[in-house]
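Undergrad: One structure coming up, written as structure tokens, with questions to follow.
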Amino acid sequence: RCLLKMVKGNIIVPEDILSFCCNGLQVSPVPSPKSHSVCKHSNGHQQGKGPWPAVTGVTSLGQRSPHAPRTLSTLLQVADAVCFSFPAERHAGCPCVTASMDDIYFEHTISVGQVVNIKAKVNRAFNSSMEVGIQVSYEDLCSGKHCSICKAYATFVAQGPMGSKVRLEPLTPQTEEEKIEYSIAAERRRMRLVHKDTLKDLLTSSSQETERETRDGSGAVPAERTRVESVELVLPPHANHQGNTFGGQIMAWMENVATIAASRLCHAHPTLRAIEMFHFRGPSQVGDRLVLKAIVNNAFKNSMEVGVCAEAYGQEMSISRRHINSAFMTFVVLDQEGHPRTLPMVAPEPGDGERRYREASARKKIRLDRKYVVSCKQTEVPLSVPWDQSNKVYLSYNNVSALKMLVANANWALAREKEKVRMYTLEEDKFLSFRIEMSVCIPASRAFSLLSNLRRRHEWDSHYVSAELVQKVDDDDMIYHVVSQKLRNENKPQDFVILASRRKPCSKGDPYVVAFRSVTLPTHPARAEFTRGETLCSGFCIWPESEEMSKVAYYNQAMPGYLNYVTTNVAGLSSDICSTFEACEKFLLKNKEDLISRLQD
């Protein structure tokens with residue numbers, strides 16, 4: 001099957017035939033130009049608009065047992081050399097280098113003899129960088145089983161002559177899936193930029209004294225015993241056509257030393273489960289020596305974090321070293337039934353060792369909180385996710401991305417149009433969503449400023465009684481305690497604790513976004529005088545139509561409590577919703593004039 005693909009590509013050579021007949025198509029640890037022979041891509045499309053370039057390979061038996069797991073970073077190594085950079089360079093029209101990689105969670109290991117499928121495409125292009133979405137899965141030819149291994153997002157930077165930045169052409173999404181990824185890519189970019197600050201804030205707010213686990217620590221292993229150091233020489237097969245080392249190759253070397261460090265703690269073969277978000281601080285070239293250092297930072301009950309550092313220097317006698325990359329990898333040890341084993345504790349070194357120990361605990365909390373936020377299904381309860389310092393970035397991301405996904409849905413149906421107000425409905429799973437939109441004679445930036453302030457919503461929305469600002473997370477995220485009117489069949493009003501996330505356009509054509517969702521705060525528990533309500537996904541999107549005109553759209557993924565506010569037939573457009581949105585228009589026009597008067601004064 002793989003041989004036929006090479007023949008169709010008209011690039012078959014005798015060496016490929018001999019290698020295929022002897023060993024099968026190997027996923028080699030050292031990428032070579034022939035690796036490109038298994039990459040499928042189309043030349044008949046415009047830049048950035050083609051299908052996903054895909055790589056399909058069968059792992060080689062080598063000296064391993066047929067059931068031995070394959071080193072997971074080997075996939076990143078080969079994919080970075082063969083597949084990831086293809087869509088990036090295809091869109092940019094020039095060489096691209098890996099700048100960063102988001103968190104990677106490996107769902108399954110790979111055994112030799114299985115077909116590995118790697119797919120990558122550009123989700124969005126910014127000024128000089130672009131996000132590439134990556135999907136890795138495998139196929140067992142004997143059982144016909146298909147499984148996802150991981151999904152990740154990498155950032156590539158386009159480089160011109162002498163390493164100068166290249167301004168990229170914007171990407172135009174075509175399908176509904178592409179539009180969703182395009183829209184959410186801006187929010188993921190924002191999350192990357194504040195990732196370090198999130199960790200710093202968590203460490204600052206937490207106690208300086210790290211609480212040790214309640215397990216018996218008498219048999220704790222000194223962290224110094226797990227320290228590993230290795231030196232690798234960068235050769236031409238390890239680099240791209242510009243001479244820069246493949247990011248996946250560096251990660252493969254880093255995983256090697258991290259695995260050895262983890263093995264020294266558990267005295268078994270560990271399995272890589274996750275790689276923390278990391279950034280490449282600088283390039284390394286052919287001829288550089290890479291010094292790779294690894295140590296176990298902390299060991300929890302069933303997992304351990306290994307910190308790895310990569311430094312580069314040019315000559316053997318060189319004193320100065322360049323910090324290339326740092327990464328944090330999470331390992332587990334599986335028993336024969338595939339369950340995680342209990343691990344020994346780690347005794348950190350004084351000074352930097354204790355700092356790394358505390359930071360590992362903070363990163364674990366962030367990972368668990370993020371996993372909880374991302375894994376919350378819309379059909380599951382509770383819908384109000386607890387707000388915490390460690391998950392504030394991911395709650396904000398989840399809030400905005402959920403609204404953007406609702407906006408990008410292509411199945412909206414026009415229910416009714418009354419004068420300037422249009423109402424659309426969307427029936428999906430157990431939810432009925434509303435979209436109400438109209439054009440208003442007001443600049444988009446002013447409408448955005450007015451509608452993002454929940455404290456003024458009672459001026460146009462009769463359902464709101466009051467909105468108190470509970471916490472200002474930052475300039476773009478705020479938490480409100482909202483009190484609404486009594487429901488028809490209730491004897492007390494509802495209250496909500498709502499996270500309001502506002503976003504300005506990332507590039508031309510993007511809307512202003514104001515997203516709302518319920519959260520839980522320990523300072524504002526449910527009280528007897530109110531019925532605690534929840535909002536799953538709602539908010540505004542505001543598109544500039546001209547300098548003085550804007551299209552304002554309100555979205556609500558309706559919960560059962562919200563439907564009680566609808567006073568007439570939903571399909572015929574509730575008069576209550578219509579009158580509320582007309583009041584919103586009057587509010588915007590009135591305050592637009594007030595704002596102009598204040599500016600003139």
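Numbering starts fresh at 1 for the residues of each chain in the structure tokens, the chains themselves are lettered A, B, ... in the order given, and ligands are numbered from 1 as they appear.
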Using only C-alpha atoms, which protein or nucleic acid residues come within 9 Å of segment 137-146 of chain A? Drop anything in the same chain fewer than 4 positions from it, and give the result as a ChimeraX atom specification.

TA: /A:110,113-119,150-151

Undergrad: Using only all heavy atoms, please write the residues we just selected to a file, as a compact mmCIF listing (two decimals), in the first residue's frame.

TA:
# COMPACT_ATOMS: atom_id res chain seq x y z
N ILE A 110 2.01 3.59 20.88
CA ILE A 110 2.00 2.97 19.55
C ILE A 110 2.92 1.76 19.58
O ILE A 110 4.03 1.83 20.12
CB ILE A 110 2.51 3.96 18.48
CG1 ILE A 110 1.81 5.32 18.66
CG2 ILE A 110 2.27 3.42 17.10
CD1 ILE A 110 2.51 6.42 17.94
N GLY A 113 4.51 -2.03 13.84
CA GLY A 113 3.62 -2.69 12.90
C GLY A 113 2.31 -1.95 12.69
O GLY A 113 1.53 -2.33 11.82
N GLN A 114 2.07 -0.90 13.48
CA GLN A 114 0.84 -0.13 13.31
C GLN A 114 1.07 1.03 12.36
O GLN A 114 2.15 1.60 12.30
CB GLN A 114 0.35 0.38 14.67
CG GLN A 114 -0.13 -0.73 15.59
CD GLN A 114 -0.47 -0.22 16.98
OE1 GLN A 114 0.05 0.79 17.42
NE2 GLN A 114 -1.33 -0.94 17.67
N VAL A 115 0.03 1.39 11.62
CA VAL A 115 0.10 2.50 10.67
C VAL A 115 -0.17 3.80 11.43
O VAL A 115 -1.18 3.92 12.12
CB VAL A 115 -0.93 2.32 9.54
CG1 VAL A 115 -0.90 3.52 8.60
CG2 VAL A 115 -0.64 1.04 8.77
N VAL A 116 0.74 4.74 11.30
CA VAL A 116 0.60 6.04 11.99
C VAL A 116 0.23 7.10 10.96
O VAL A 116 0.92 7.25 9.95
CB VAL A 116 1.92 6.41 12.70
CG1 VAL A 116 1.77 7.77 13.38
CG2 VAL A 116 2.29 5.35 13.72
N ASN A 117 -0.84 7.81 11.21
CA ASN A 117 -1.30 8.88 10.33
C ASN A 117 -1.08 10.23 11.01
O ASN A 117 -1.56 10.44 12.13
CB ASN A 117 -2.80 8.72 10.01
CG ASN A 117 -3.09 7.40 9.32
OD1 ASN A 117 -2.79 7.24 8.15
ND2 ASN A 117 -3.67 6.46 10.04
N ILE A 118 -0.36 11.09 10.35
CA ILE A 118 -0.09 12.42 10.88
C ILE A 118 -0.65 13.44 9.90
O ILE A 118 -0.32 13.41 8.72
CB ILE A 118 1.43 12.65 11.07
CG1 ILE A 118 2.02 11.57 11.96
CG2 ILE A 118 1.69 14.03 11.66
CD1 ILE A 118 3.53 11.60 12.04
N LYS A 119 -1.53 14.31 10.40
CA LYS A 119 -2.15 15.33 9.55
C LYS A 119 -1.89 16.70 10.14
O LYS A 119 -1.95 16.89 11.35
CB LYS A 119 -3.66 15.09 9.44
CG LYS A 119 -4.03 13.75 8.82
CD LYS A 119 -5.54 13.59 8.74
CE LYS A 119 -5.93 12.25 8.11
NZ LYS A 119 -7.40 12.10 8.03
N CYS A 150 -2.82 11.86 19.70
CA CYS A 150 -2.76 13.19 20.29
C CYS A 150 -3.22 14.22 19.28
O CYS A 150 -3.25 13.97 18.07
CB CYS A 150 -1.34 13.53 20.79
SG CYS A 150 -0.12 13.73 19.48
N LYS A 151 -3.58 15.39 19.81
CA LYS A 151 -3.91 16.55 18.99
C LYS A 151 -3.17 17.72 19.59
O LYS A 151 -3.21 17.93 20.80
CB LYS A 151 -5.41 16.80 19.00
CG LYS A 151 -5.86 17.96 18.12
CD LYS A 151 -7.37 18.10 18.11
CE LYS A 151 -7.81 19.24 17.20
NZ LYS A 151 -9.29 19.39 17.18

Undergrad: Between A:Pro95, A:Pro270, A:Pro340, A:Gly219, which has the minimum distance to Gly243 of chain A (counting only C-alpha atoms)?

TA: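 Residue with the minimum atom-to-atom distance to Gly243 of chain A: A:Pro95.
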
Undergrad: Tell me, as a VMD selection string, which residues lie within 7 Å of segment 226-240 of chain A, counting only C-alpha atoms; anything in the same chain fewer than 2 positions away does not count.

TA: chain A and resid 30 to 32 223 to 224 242 to 246 249 257 261 to 262 264 to 265 285 to 296

Undergrad: Could you dump the residues just selected with N, CA and C atoms as an mmCIF file, in the first residue's frame?

TA:
data_model
loop_
_atom_site.group_PDB
_atom_site.id
_atom_site.type_symbol
_atom_site.label_atom_id
_atom_site.label_comp_id
_atom_site.auth_asym_id
_atom_site.auth_seq_id
_atom_site.Cartn_x
_atom_site.Cartn_y
_atom_site.Cartn_z
ATOM 1 N N VAL A 30 16.128 9.312 12.158
ATOM 2 C CA VAL A 30 16.848 10.404 11.521
ATOM 3 C C VAL A 30 16.173 10.735 10.215
ATOM 4 N N PRO A 31 15.502 11.884 10.122
ATOM 5 C CA PRO A 31 14.792 12.225 8.888
ATOM 6 C C PRO A 31 15.748 12.422 7.734
ATOM 7 N N SER A 32 15.319 12.014 6.575
ATOM 8 C CA SER A 32 16.116 12.185 5.371
ATOM 9 C C SER A 32 15.221 12.705 4.268
ATOM 10 N N ALA A 223 16.476 13.805 44.637
ATOM 11 C CA ALA A 223 16.305 14.206 43.240
ATOM 12 C C ALA A 223 17.626 14.180 42.493
ATOM 13 N N GLU A 224 18.734 14.406 43.184
ATOM 14 C CA GLU A 224 20.044 14.441 42.530
ATOM 15 C C GLU A 224 20.380 13.109 41.874
ATOM 16 N N GLN A 242 17.616 25.086 5.715
ATOM 17 C CA GLN A 242 18.263 26.324 6.124
ATOM 18 C C GLN A 242 19.370 26.088 7.147
ATOM 19 N N GLY A 243 19.536 24.830 7.550
ATOM 20 C CA GLY A 243 20.577 24.502 8.519
ATOM 21 C C GLY A 243 20.127 24.582 9.956
ATOM 22 N N ASN A 244 18.859 24.920 10.219
ATOM 23 C CA ASN A 244 18.338 24.994 11.591
ATOM 24 C C ASN A 244 17.856 23.615 12.041
ATOM 25 N N THR A 245 18.165 23.261 13.273
ATOM 26 C CA THR A 245 17.779 21.954 13.803
ATOM 27 C C THR A 245 16.258 21.840 13.885
ATOM 28 N N PHE A 246 15.730 20.692 13.463
ATOM 29 C CA PHE A 246 14.302 20.450 13.583
ATOM 30 C C PHE A 246 13.882 20.502 15.046
ATOM 31 N N GLN A 249 13.329 17.089 16.387
ATOM 32 C CA GLN A 249 14.560 16.364 16.704
ATOM 33 C C GLN A 249 15.059 16.732 18.098
ATOM 34 N N VAL A 257 16.615 11.800 27.393
ATOM 35 C CA VAL A 257 17.236 12.033 28.704
ATOM 36 C C VAL A 257 16.168 12.087 29.790
ATOM 37 N N ALA A 261 16.007 9.799 33.241
ATOM 38 C CA ALA A 261 15.843 10.386 34.572
ATOM 39 C C ALA A 261 14.651 9.772 35.295
ATOM 40 N N ALA A 262 13.525 9.593 34.578
ATOM 41 C CA ALA A 262 12.344 8.987 35.191
ATOM 42 C C ALA A 262 12.610 7.533 35.577
ATOM 43 N N ARG A 264 15.377 6.250 36.557
ATOM 44 C CA ARG A 264 16.217 6.191 37.762
ATOM 45 C C ARG A 264 15.398 6.349 39.036
ATOM 46 N N LEU A 265 14.226 6.947 38.929
ATOM 47 C CA LEU A 265 13.362 7.058 40.095
ATOM 48 C C LEU A 265 12.530 5.807 40.293
ATOM 49 N N GLN A 285 22.106 25.322 14.958
ATOM 50 C CA GLN A 285 22.459 25.007 13.578
ATOM 51 C C GLN A 285 23.317 23.751 13.503
ATOM 52 N N VAL A 286 23.490 23.293 12.268
ATOM 53 C CA VAL A 286 24.368 22.146 12.022
ATOM 54 C C VAL A 286 25.764 22.475 12.547
ATOM 55 N N GLY A 287 26.338 21.556 13.275
ATOM 56 C CA GLY A 287 27.653 21.760 13.867
ATOM 57 C C GLY A 287 27.597 22.143 15.331
ATOM 58 N N ASP A 288 26.449 22.565 15.821
ATOM 59 C CA ASP A 288 26.312 22.886 17.241
ATOM 60 C C ASP A 288 26.328 21.620 18.089
ATOM 61 N N ARG A 289 26.767 21.785 19.321
ATOM 62 C CA ARG A 289 26.632 20.722 20.319
ATOM 63 C C ARG A 289 25.467 21.103 21.230
ATOM 64 N N LEU A 290 24.568 20.176 21.429
ATOM 65 C CA LEU A 290 23.443 20.420 22.320
ATOM 66 C C LEU A 290 23.662 19.676 23.633
ATOM 67 N N VAL A 291 23.652 20.408 24.737
ATOM 68 C CA VAL A 291 23.769 19.823 26.072
ATOM 69 C C VAL A 291 22.360 19.664 26.621
ATOM 70 N N LEU A 292 21.960 18.434 26.919
ATOM 71 C CA LEU A 292 20.609 18.126 27.382
ATOM 72 C C LEU A 292 20.681 17.672 28.836
ATOM 73 N N LYS A 293 19.963 18.367 29.704
ATOM 74 C CA LYS A 293 19.964 18.064 31.133
ATOM 75 C C LYS A 293 18.551 17.739 31.576
ATOM 76 N N ALA A 294 18.429 16.699 32.411
ATOM 77 C CA ALA A 294 17.111 16.293 32.902
ATOM 78 C C ALA A 294 17.205 15.910 34.368
ATOM 79 N N ILE A 295 16.115 16.165 35.106
ATOM 80 C CA ILE A 295 16.025 15.794 36.509
ATOM 81 C C ILE A 295 14.548 15.683 36.875
ATOM 82 N N VAL A 296 14.217 14.776 37.785
ATOM 83 C CA VAL A 296 12.844 14.649 38.261
ATOM 84 C C VAL A 296 12.566 15.794 39.230
#

Undergrad: Taking only C-alpha atoms into account, which of A:Lys404, A:His279, A:Lys420, A:Arg367 comes nearest Val513 of chain A?

TA: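 Looking at the shortest contact to Val513 of chain A, the residue is A:Lys404.
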
Undergrad: Which one is closest to Tyr424 of chain A: A:Gln336, A:Ser501, A:Asn556, A:Thr520? Count only C-alpha atoms.

TA: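 Ranking A:Gln336, A:Ser501, A:Asn556, A:Thr520 by distance to Tyr424 of chain A, first place goes to A:Asn556.
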
Undergrad: How would you write, as number ranges by chain, the set of residues in segment 362-537 of chain A that DSSP gives as alpha helix (DSSP H)?

TA: A: 362-375, 392-408, 444-451

Undergrad: Need to verify the contact set: Ala125 of chain A, 7 Å, only C-alpha atoms, exclusion of same-chain residues closer than 3 positions in sequence. Can you return it as a list in words?

TA: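 Using only C-alpha atoms, the neighbours found are Ser129, Met130, Glu131, Leu168, Pro170 and Leu171 of chain A.
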
Undergrad: Residues of the last selection are to be written out with N, CA, C and O atoms, as a compact mmCIF listing (two decimals), in the first residue's frame.

TA:
# COMPACT_ATOMS: atom_id res chain seq x y z
N SER A 129 3.63 35.00 12.20
CA SER A 129 3.55 33.64 12.73
C SER A 129 2.23 33.01 12.31
O SER A 129 1.30 33.70 11.89
N MET A 130 2.15 31.71 12.44
CA MET A 130 0.92 31.00 12.08
C MET A 130 0.76 29.79 12.98
O MET A 130 1.74 29.22 13.48
N GLU A 131 -0.48 29.43 13.22
CA GLU A 131 -0.78 28.25 14.02
C GLU A 131 -1.05 27.07 13.10
O GLU A 131 -1.84 27.17 12.17
N LEU A 168 2.91 37.79 6.68
CA LEU A 168 2.15 36.73 6.04
C LEU A 168 0.84 37.25 5.48
O LEU A 168 0.23 38.18 6.00
N PRO A 170 -3.10 36.93 4.93
CA PRO A 170 -4.16 36.33 5.76
C PRO A 170 -4.73 35.07 5.13
O PRO A 170 -4.73 34.91 3.91
N LEU A 171 -5.19 34.18 5.98
CA LEU A 171 -5.75 32.91 5.54
C LEU A 171 -7.27 33.04 5.47
O LEU A 171 -7.89 33.64 6.34

Undergrad: Could you tell me which of A:Ser85, A:Thr535, A:Ser466, A:Ser439 comes closest to His241 of chain A if we count only C-alpha atoms?

TA: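 Closest candidate: A:Ser85.
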
Undergrad: How many Å separate atom CA of Ser445 of chain A from atom CA of Glu534 of chain A?

TA: 28.4 Å

Undergrad: Determine the nearest neighbour of Tyr555 of chain A from the options A:Glu437, A:Glu337, A:Asp102, A:Asp510, counting only C-alpha atoms.

TA: A:Glu437

Undergrad: Could you work out how far atom CA of Tyr397 of chain A lies from atom CA of Asn297 of chain A, giving the answer in Å with one decimal?

TA: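 Atom CA of Tyr397 of chain A lies at a distance of 28.4 Å from atom CA of Asn297 of chain A.
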
Undergrad: Check the smallest atom-to-atom distance from each of A:Ile250, A:Cys506, A:Leu414, A:Cys441 to Phe126 of chain A using only C-alpha atoms, then report the winner.

TA: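 Counting only C-alpha atoms, the residue closest to Phe126 of chain A is A:Cys506.
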
Undergrad: Near segment 482-498 of chain A, within 10 Å and counting only C-alpha atoms, which residues show up once chain neighbours fewer than 3 positions away are dropped, as number ranges by chain?

TA: A: 384, 454-455, 458, 461-470, 478-479, 501, 515-521, 524-536, 561-562, 564-565, 567

Undergrad: Find the residues around Met191 of chain A up to 9 Å (only C-alpha atoms counted), leave out those fewer than 2 positions away in its own chain, and share them as an MDAnalysis selection string.

TA: chainID A and resid 186:189 193:195 393:394 396:397

Undergrad: Give me, as a PyMOL selection string, all polymer residues having an atom no more than 8 Å from segment 341-354 of chain A, counting only C-alpha atoms and skipping those fewer than 3 positions away in the same chain.

TA: chain A and resi 217+219-224+265-266+296-304+332-335+357-358
